[in-house]
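**Q** Got a structure here, written out as C-alpha cells. Questions coming.
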Amino acid sequence: MRRQIQEEPLDSLLSSVRRQAMETLTQLSYTQPVLGVREKSELVNTCVRSVFSLPSVQAMQEKDEAKAEDIQTLYHQTLDALQTLLNALFIEDPTPAGLKSILEPLGPWMNSGKAHERARAVNSNVSLLNHTLLTLPFFMSSGFPTLGLLLGRLILRIGDPDEEIGREALDGITILYTILELQKRARDKEEPNKKELYESNKRFLGPYNPVSPCQNILRVIAEFGDFLGPQQVKDLLLAALEGLKGGSEAHRKDSGEMMQLASEVTLSSVLEWYRHRALEVIPEIMQGIYVQLSHIQEPRAREVALLPVSLLASSFMTEVVVALLMCPLPLDSNGAEMWRQLILRKPSCDVRDLLDLLLTSLKEKPVTKKGRASIVPLAAASGLCELLSVNSCVGRVRRIYPQLLLALLIQVHYHIGLNLPGCGAARKDTKKDAQLPVFVPVRWVVKVVKTLLLKMGCSYEATFLEDQGGWELMGQAENHHRGVSLLARAMVQYSCQELCRILYLLIPLLERGDEKHKITATAFFVELLQMEQVRRIPEEYSLGRMTEGLSHRDPIMKVLSIRGLVILARRTEKTAKVQALLPSMVRGLKSVDGLLAVEAAHDLKAVFKGQDRKLAHSSVYVDLLEVLLPHFSDPREDVRSSCISLYGKVVQKLRSPRTPAVEEQLISTLVPLLLIMQEGNAKVGQKCVKTLFHCSCFMTWELPKGAYSRKPWDNQQQTVAKICKYLVATHQDNAFQFLCQSLEYAKSPRASLRKSSVMFIGSLVPCMENIMTEDRLTEVKATLENLRHDPEASVCICAAQAQDHILASCWRNSWPLPHGDTWVCNPATTHRWNPSSENLPTSHQRRSWIIRALGSWKMSLKQ
C-alpha cells in the first residue's frame with residue numbers, strides 16, 4: 001500500500017488509487033498485530049506527503065477544466081480518507097506515544113510557504129484533536145504529548161495571512177484546551193459535559209479577531225499557563241521560531257511581516273510570563289535557536305529569533321553563557337551573533353558580570369583531571385572575541401584587561417598541539433554559505449590575543465610581533481616563551497599604560513599552576529623587570545624568584561631566569577649580586593637545548609662585559625666553554641654557527657697563565673672544529689676557522705697550514721695525515737680522546753661529517769701505532785665495516801680507503817708487539833694474512849694480539 005501511494009504523482013490527482021490505498025490501510029489498522037511507533041510514523045509521513053503536496057484544488061481544476069467537478073469530488077474524498085486513516089491509527093494505539101507519532105509528521109506542513117498546504121495541515125491537526133476529544137477517556141498522567149510544539153504551531157497559524165486558517169487554528173486551540181481541562185478534572189474525579197465545556201472554553205478564549213490576531217495570541221498564552229511546564233515552554237518557544245523560516249509565499253512583505261509579528265509576540269509574552277520555568281531547559285533553548293538560525297535569512301526575522309537570548313540572559317546570565325559555551329567551534333555567523341546579542345539588544349545583561357564569567361572560564365584548563373578535553377576555555381575565548389567587536393563593550397573590557405591578556409596567553413600554551421572534540425574538520429558557514437578554514441585551536445586563541453591588543457589600543461605592539469614573527473612563535477611548543485617574551489618586550493618598548501597592573505598581577509601568578517602556566521607567566525614577567533617600577537617590588541619577588549629559577553628542572557625556566565638576572569644586573573644596586581651568581585647561571589645551562597643555550601649565552605655577555613680581569617682565573621669561562629662545545633654538532637645551522645662563534649669570543653677573553661682545565665677544554669675542541677670545517681657549509685666553516693685560530697693563538701699551537709683550510713680533504717690525504725701526526729705528537733695523552741671524538745662523529749646523521757670523520761680516522765689510527773690497544777682497534781674495525789654499507793656512496797668509498805690505509809700502514813711500519821716483540825713481514829710476498837705459524841720465524845711463532853686483530857680484519861675484507 002505504501003509503495004502504491006509513493007508511486008502516485010505529486011502534481012496531479014488523476015485517479016482514486018491514493019484514496020483506495022488509504023481506505024485499505026484503515027481497514028488493516030483494525031487487525032493484529034498493531035504497527036510499531038516507527039512503522040506508524042513512516043506510514044503517516046508517506047500518506048501526508050502524498051496528499052499535502054498536491055497543488056491547490058483551484059490549480060488542478062484550471063489545469064483540467066473538463067474534469068473540474070470530478071477533481072473536486074475526488075480531492076475531498078482523498079482528504080477524508082487521509083483523515084479517517086489518521087483517526088483509525090490513533091484508535092489503534094490511544095497512548096501518548098501513538099498520538100505523538102501521528103502529530104509529528106503534520107508539524108512541518110503547518111509552516112509551509114504555500115497557503116493550501118498550511119490549510120490542509122491545520123485542518124488535519126484540528127480534526128485529529130476533535131477526534132481525540134470525542135474518543136475520551138484519553139487521560140494520561142504525563143500530560144498531552146508534544147503540547148508545546150502543537151500549541152506553538154497553532155498559535156502561529158492564528159496570525160496566518162489567510163483568515164480561514166487563523167480561525168480554524170483558534171478552534172483547534174480551543175479543543176486542545178478542552179482536552180487539557182478534561183484531563184485535569186478527571187484527576188479531580190469530575191465528569192463534566194464535553195460539549196458544554198468546549199462551548200464555555202470557546203467563549204473564554206474569545207472570538208477570532210482577524211484585524212488584530214495578536215490579541216488572540218496573547219489571550220491563549222496567558223490562559224494556557226497552568227499547563228506549561230519547562231519542557232512545554234521550551235517547545236513553545238522553538239515552535240515560534242519555526243514560523244520565522246518561511247517559504248516563497250510567506251516571504252512576501254505583508255505575510256512575512258505578519259508571521260514575524262506573531263512569532264515576536266509569542267516569544268516575548270512566553271518569556272515575560274513564564275521565564276522562570278525555562279531555567280532548567282536554557283541549554284536546549286539555546287541549541288534550538290542556533291539550529292533554527294541556519295534556516296532564517298531575513299534580517300528582521302533573525303532579530304526576532306535572537307530575542308530569547310537577551311531576554312533569558314537578563315535574568316539567567318550564567319546559565320545562558322554556559323549554554324553558549326557549548327556552541328560548535330569555530331563559531332560561525334550564527335554562533336557569533338548569539339554572543340553579540342547579549343549586549344546589543346535590550347534588555348542586555350550586565351557586561352561587567354558577563355566578562356567576569358568569561359574570565360573564569362578562561363582560567364580553566366582545556367584538559368580535565370580525568371584527561372578529557374574541554375572546549376570551555378576555547379569557547380570563552382571565541383565569545384570574548386565576538387564581544388570585542390561591539391564598541392560599547394570595549395570600555396568595560398579595559399577593567400580586567402590584564403587578567404584577560406594573561407589568561408589568554410596561558411590558554412595559548414595549553415592549546416598547543418591540543419585536539420578538541422568536534423573542532424578539527426572544516427565546516428560551512430550556513431549564513432554565508434562559505435567553507436570555513438580548518439580549525440586549529442591554538443591559532444584561534446592567538447587570534448583572540450591579537451584582537452584584544454588591537455581593541456585596547458596596542459596596535460604598535462601587535463605590528464611589532466607581526467614583523468618579528470612573534471605570533472607564529474607563540475603558537476609553537478618550543479617557541480611559545482619566545483613569542484610571549486616578544487610581546488612583553490614590545491609593551492615595555494612602547495610604554496603600554498597597563499604594564500604596572502600586569503606587573504603586580506604577575507607576581508602571585510609565578511607560583512601558581514602547572515609548568516605551562518609558570519613558563520608563560522615567567523616569560524612575560526622577566527621582560528617587565530626592565531621597568532622602573534620594579535624597584536618598588538621586594539627583592540624576594542624579583543632577584544629571589546630568578547635565583548630560584550636557576551635550579552628549576554625545566555630548561556626553559558632556567559634560561560628565562562638567566563635573562564631576568566641579566567636584566568636586573570643593569571641596575572647598579574643589583575649588579576654585584578647578579579655577578580656572584582654567574583657560576584650557577586653558567587652551570588645551569590649544561591644539558592640545555594642548543595638554541596636555549598645560545599640565547600642565554602648572548603644574554604650573559606652583558607654580565608661578563610667589563611669583568612675580564614676579575615674572571616680571568618675563574619672557572620666560569622671553562623664552564624661556559626663546556627656548555628657550548630656539545631652544540632657544535634647541533635642539526636640546526638644557526639645553533640652550530642652561533643655556538644662556534646661564541647666559543648671563539650669566550651676564548652679571546654681568556655688570559656694567561658693557562659690552567660689545566662682550560663687546556664683540556666681547548667684541546668677537546670680541535671677534532672670537532674676540524675671535522676665540522678669539512679661539512680661544506682660556508683658560514684659554519686668560516687666560524688670554525690676563526691675559532692680554531694683563536695684557540696691556537698691562546699694555546700700557542702703550530703698547526704699545519706692545512707688545518708685552517710676549508711678545502712675538501714678528498715684529494716688532500718697528506719694534509720690530513722700531517723694534521724693527525726701533529727695532534728698525536730703534540731698531545732699524545734689526548735690521542736684516544738681524538739679517536740673517540742672522530743668515532744662519535746662517524747655516527748652523525750649528516751653524511752658530510754661521517755665522510756670527514758672516516759678520512760680522519762684513516763689517518764689518525766696509523767699515527768697511534770705505539771699506543772693503540774686491542775679494544776680500540778676492534779672498535780675502529782666495527783665502525784669502518786658499518787660505514788662500508790652507508791647509504792651515501794662517498795662515505796662507503798672513504799671507509800674502504802681508510803681500511804686499506806690502516807692495513808697498509810700497519811704492514812709498512814711493522815707495529816711493535818707488547819713486551820718488546822716485533823714482527824716484520826713484507827706485504828709484497830702475500831696479499832692476505834697467513835694464519836699458519838709455519839711460515840714465521842721460530843721467534844715469532846707466538847702470535848701477538850695485533851697480528852690476530854689485523855689478521856681477522858684482513859680476512860673479513862677478503863670474504
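Ligands are numbered from 1 in the order shown, residues from 1 within each chain, and chains are lettered A, B, ... in the order they appear in the C-alpha cells.
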Tell me, as a VMD selection string, which residues lie within 6 Å of region 580-597 of chain A, counting only C-alpha atoms; anything in the same chain fewer than 5 positions away does not count.
**A** chain A and resid 555 620 624 627 631 639
**Q** Can you tell me, as a ChimeraX atom specification, which residues in region 185-406 of chain A count as alpha helix (DSSP H) by DSSP?
**A** /A:185-187,194-205,213-223,230-242,253-274,282-293,299-305,307-313,317-324,333-344,351-362,376-388,391-397,401-406
**Q** Which residue, A:Ser15, A:Ser53, A:Ser752, A:Asn734, has the smallest gap to Met768 (chain A) when you use only C-alpha atoms?
**A** A:Asn734
**Q** My list of candidates is A:Ser757, A:Lys365, A:Leu359, A:Thr773. Which is closest to Ala799 (chain A) when distances are computed with only C-alpha atoms?
**A**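 Checking each candidate against Ala799 (chain A), we get A:Ser757 as the closest.
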**Q** Would you mind listing what lies within 12 Å of Cys740 (chain A) as an NGL selection string, with only C-alpha atoms counted and same-chain residues fewer than 3 positions away left out?
**A** :A and (668 or 671-672 or 734-737 or 743-747 or 757 or 760-761 or 764-765 or 776-777 or 779-780 or 783)
**Q** Near Glu466 (chain A), within 12 Å and counting only C-alpha atoms, which residues show up once chain neighbours fewer than 4 positions away are dropped, as number ranges by chain?
**A** A: 446-447, 450, 459-462, 470-474, 483, 486-487, 490
**Q** Could those residues be written to a file, using all heavy atoms, as a compact mmCIF listing (two decimals), in the first residue's frame?
**A**
```txt
# COMPACT_ATOMS: atom_id res chain seq x y z
N VAL A 446 45.44 32.57 19.63
CA VAL A 446 46.40 33.62 19.28
C VAL A 446 45.67 34.78 18.59
O VAL A 446 45.96 35.96 18.86
CB VAL A 446 47.51 33.06 18.36
CG1 VAL A 446 48.35 34.19 17.78
CG2 VAL A 446 48.40 32.10 19.13
N LYS A 447 44.71 34.45 17.75
CA LYS A 447 43.93 35.50 17.08
C LYS A 447 43.16 36.34 18.09
O LYS A 447 43.06 37.57 17.95
CB LYS A 447 42.96 34.86 16.09
CG LYS A 447 42.05 35.87 15.40
CD LYS A 447 40.96 35.18 14.60
CE LYS A 447 39.96 36.20 14.07
NZ LYS A 447 38.83 35.56 13.35
N LYS A 450 45.51 38.77 19.73
CA LYS A 450 45.79 39.88 18.82
C LYS A 450 44.61 40.86 18.78
O LYS A 450 44.80 42.09 18.82
CB LYS A 450 46.05 39.33 17.41
CG LYS A 450 46.58 40.35 16.42
CD LYS A 450 46.65 39.79 15.00
CE LYS A 450 47.51 38.56 14.92
NZ LYS A 450 47.68 38.12 13.50
N SER A 459 48.22 48.81 18.99
CA SER A 459 48.48 48.48 17.59
C SER A 459 49.97 48.40 17.29
O SER A 459 50.42 47.57 16.49
CB SER A 459 47.82 49.51 16.67
OG SER A 459 48.27 50.82 16.98
N TYR A 460 50.78 49.25 17.94
CA TYR A 460 52.22 49.20 17.71
C TYR A 460 52.79 47.86 18.17
O TYR A 460 53.65 47.26 17.51
CB TYR A 460 52.93 50.35 18.44
CG TYR A 460 52.67 51.71 17.85
CD1 TYR A 460 51.97 52.68 18.56
CD2 TYR A 460 53.14 52.02 16.58
CE1 TYR A 460 51.73 53.93 18.02
CE2 TYR A 460 52.90 53.27 16.03
CZ TYR A 460 52.20 54.23 16.75
OH TYR A 460 51.96 55.47 16.21
N GLU A 461 52.33 47.42 19.32
CA GLU A 461 52.81 46.14 19.85
C GLU A 461 52.43 44.99 18.93
O GLU A 461 53.25 44.10 18.65
CB GLU A 461 52.23 45.90 21.24
CG GLU A 461 52.77 46.82 22.33
CD GLU A 461 52.01 48.14 22.43
OE1 GLU A 461 51.35 48.51 21.44
OE2 GLU A 461 52.07 48.79 23.49
N ALA A 462 51.18 45.02 18.43
CA ALA A 462 50.72 43.95 17.54
C ALA A 462 51.53 43.93 16.25
O ALA A 462 51.90 42.87 15.74
CB ALA A 462 49.23 44.11 17.24
N GLY A 470 56.39 36.98 15.91
CA GLY A 470 56.04 36.61 17.28
C GLY A 470 54.76 35.81 17.40
O GLY A 470 54.65 34.93 18.26
N TRP A 471 53.77 36.09 16.53
CA TRP A 471 52.51 35.37 16.62
C TRP A 471 52.71 33.89 16.29
O TRP A 471 52.10 33.02 16.93
CB TRP A 471 51.46 35.98 15.69
CG TRP A 471 51.13 37.41 16.01
CD1 TRP A 471 51.28 38.50 15.21
CD2 TRP A 471 50.58 37.91 17.24
NE1 TRP A 471 50.87 39.64 15.84
CE2 TRP A 471 50.42 39.31 17.09
CE3 TRP A 471 50.20 37.33 18.44
CZ2 TRP A 471 49.92 40.12 18.11
CZ3 TRP A 471 49.70 38.12 19.45
CH2 TRP A 471 49.55 39.50 19.28
N GLU A 472 53.54 33.62 15.29
CA GLU A 472 53.82 32.21 14.94
C GLU A 472 54.60 31.53 16.08
O GLU A 472 54.31 30.39 16.44
CB GLU A 472 54.64 32.13 13.64
CG GLU A 472 53.86 32.49 12.38
CD GLU A 472 53.62 33.98 12.24
OE1 GLU A 472 54.34 34.77 12.90
OE2 GLU A 472 52.70 34.36 11.49
N LEU A 473 55.58 32.25 16.64
CA LEU A 473 56.37 31.67 17.73
C LEU A 473 55.48 31.32 18.92
O LEU A 473 55.64 30.29 19.56
CB LEU A 473 57.45 32.66 18.18
CG LEU A 473 58.57 32.96 17.19
CD1 LEU A 473 59.48 34.04 17.74
CD2 LEU A 473 59.39 31.71 16.90
N MET A 474 54.52 32.18 19.18
CA MET A 474 53.65 31.99 20.35
C MET A 474 52.86 30.69 20.27
O MET A 474 52.55 30.08 21.29
CB MET A 474 52.70 33.19 20.46
CG MET A 474 52.05 33.37 21.81
SD MET A 474 51.00 34.84 21.84
CE MET A 474 52.22 36.14 21.81
N GLY A 483 57.66 33.88 21.94
CA GLY A 483 56.59 34.75 21.48
C GLY A 483 56.03 35.62 22.59
O GLY A 483 55.78 36.82 22.40
N LEU A 486 58.53 38.33 23.40
CA LEU A 486 58.49 39.40 22.40
C LEU A 486 57.34 40.36 22.66
O LEU A 486 57.49 41.58 22.54
CB LEU A 486 58.35 38.79 21.00
CG LEU A 486 59.63 38.44 20.25
CD1 LEU A 486 59.29 37.78 18.92
CD2 LEU A 486 60.46 39.70 19.98
N LEU A 487 56.19 39.81 23.03
CA LEU A 487 55.02 40.65 23.31
C LEU A 487 55.31 41.56 24.51
O LEU A 487 55.06 42.78 24.46
CB LEU A 487 53.80 39.78 23.58
CG LEU A 487 52.55 40.51 24.07
CD1 LEU A 487 52.11 41.58 23.06
CD2 LEU A 487 51.41 39.53 24.33
N ALA A 490 57.74 44.25 23.59
CA ALA A 490 57.11 45.30 22.79
C ALA A 490 56.28 46.24 23.67
O ALA A 490 56.28 47.46 23.47
CB ALA A 490 56.24 44.66 21.71
```
**Q** Restricting the calculation to only C-alpha atoms, which member of A:Pro308, A:Gly383, A:Pro402, A:Gly148 is positioned closest to Pro230 (chain A)?
**A**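 Of A:Pro308, A:Gly383, A:Pro402, A:Gly148, the one nearest Pro230 (chain A), counting only C-alpha atoms, is A:Gly148.
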**Q** Residues at most 12 Å from Ser314 (chain A), counting only C-alpha atoms, excluding those fewer than 6 positions away in the same chain, as a list in words?
**A** Leu271, Glu272, Arg275, His276, Leu307, Pro308, Val320, Val321, Gln341, Leu342, Ile343, Arg345, Lys346, Pro347, Ser348, Cys349, Asp350, Val351, Asp353 and Leu354 of chain A
**Q** With distances taken over only C-alpha atoms, which residue among A:Glu23, A:Asp162, A:Asp11, A:Glu42 lies nearest Leu82 (chain A)?
**A**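 When distances to Leu82 (chain A) are compared using only C-alpha atoms, the smallest one comes from A:Glu23.
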**Q** Of the candidates A:Leu14, A:Leu106, A:Ser619, A:Ala569, which shows the shortest atom-to-atom distance to Lys67 (chain A), using only C-alpha atoms?
**A** A:Leu14
**Q** From the options A:Phe524, A:Tyr290, A:Tyr274, A:Phe632, which residue's atoms come nearest to Leu311 (chain A), counting only C-alpha atoms?
**A** A:Tyr274
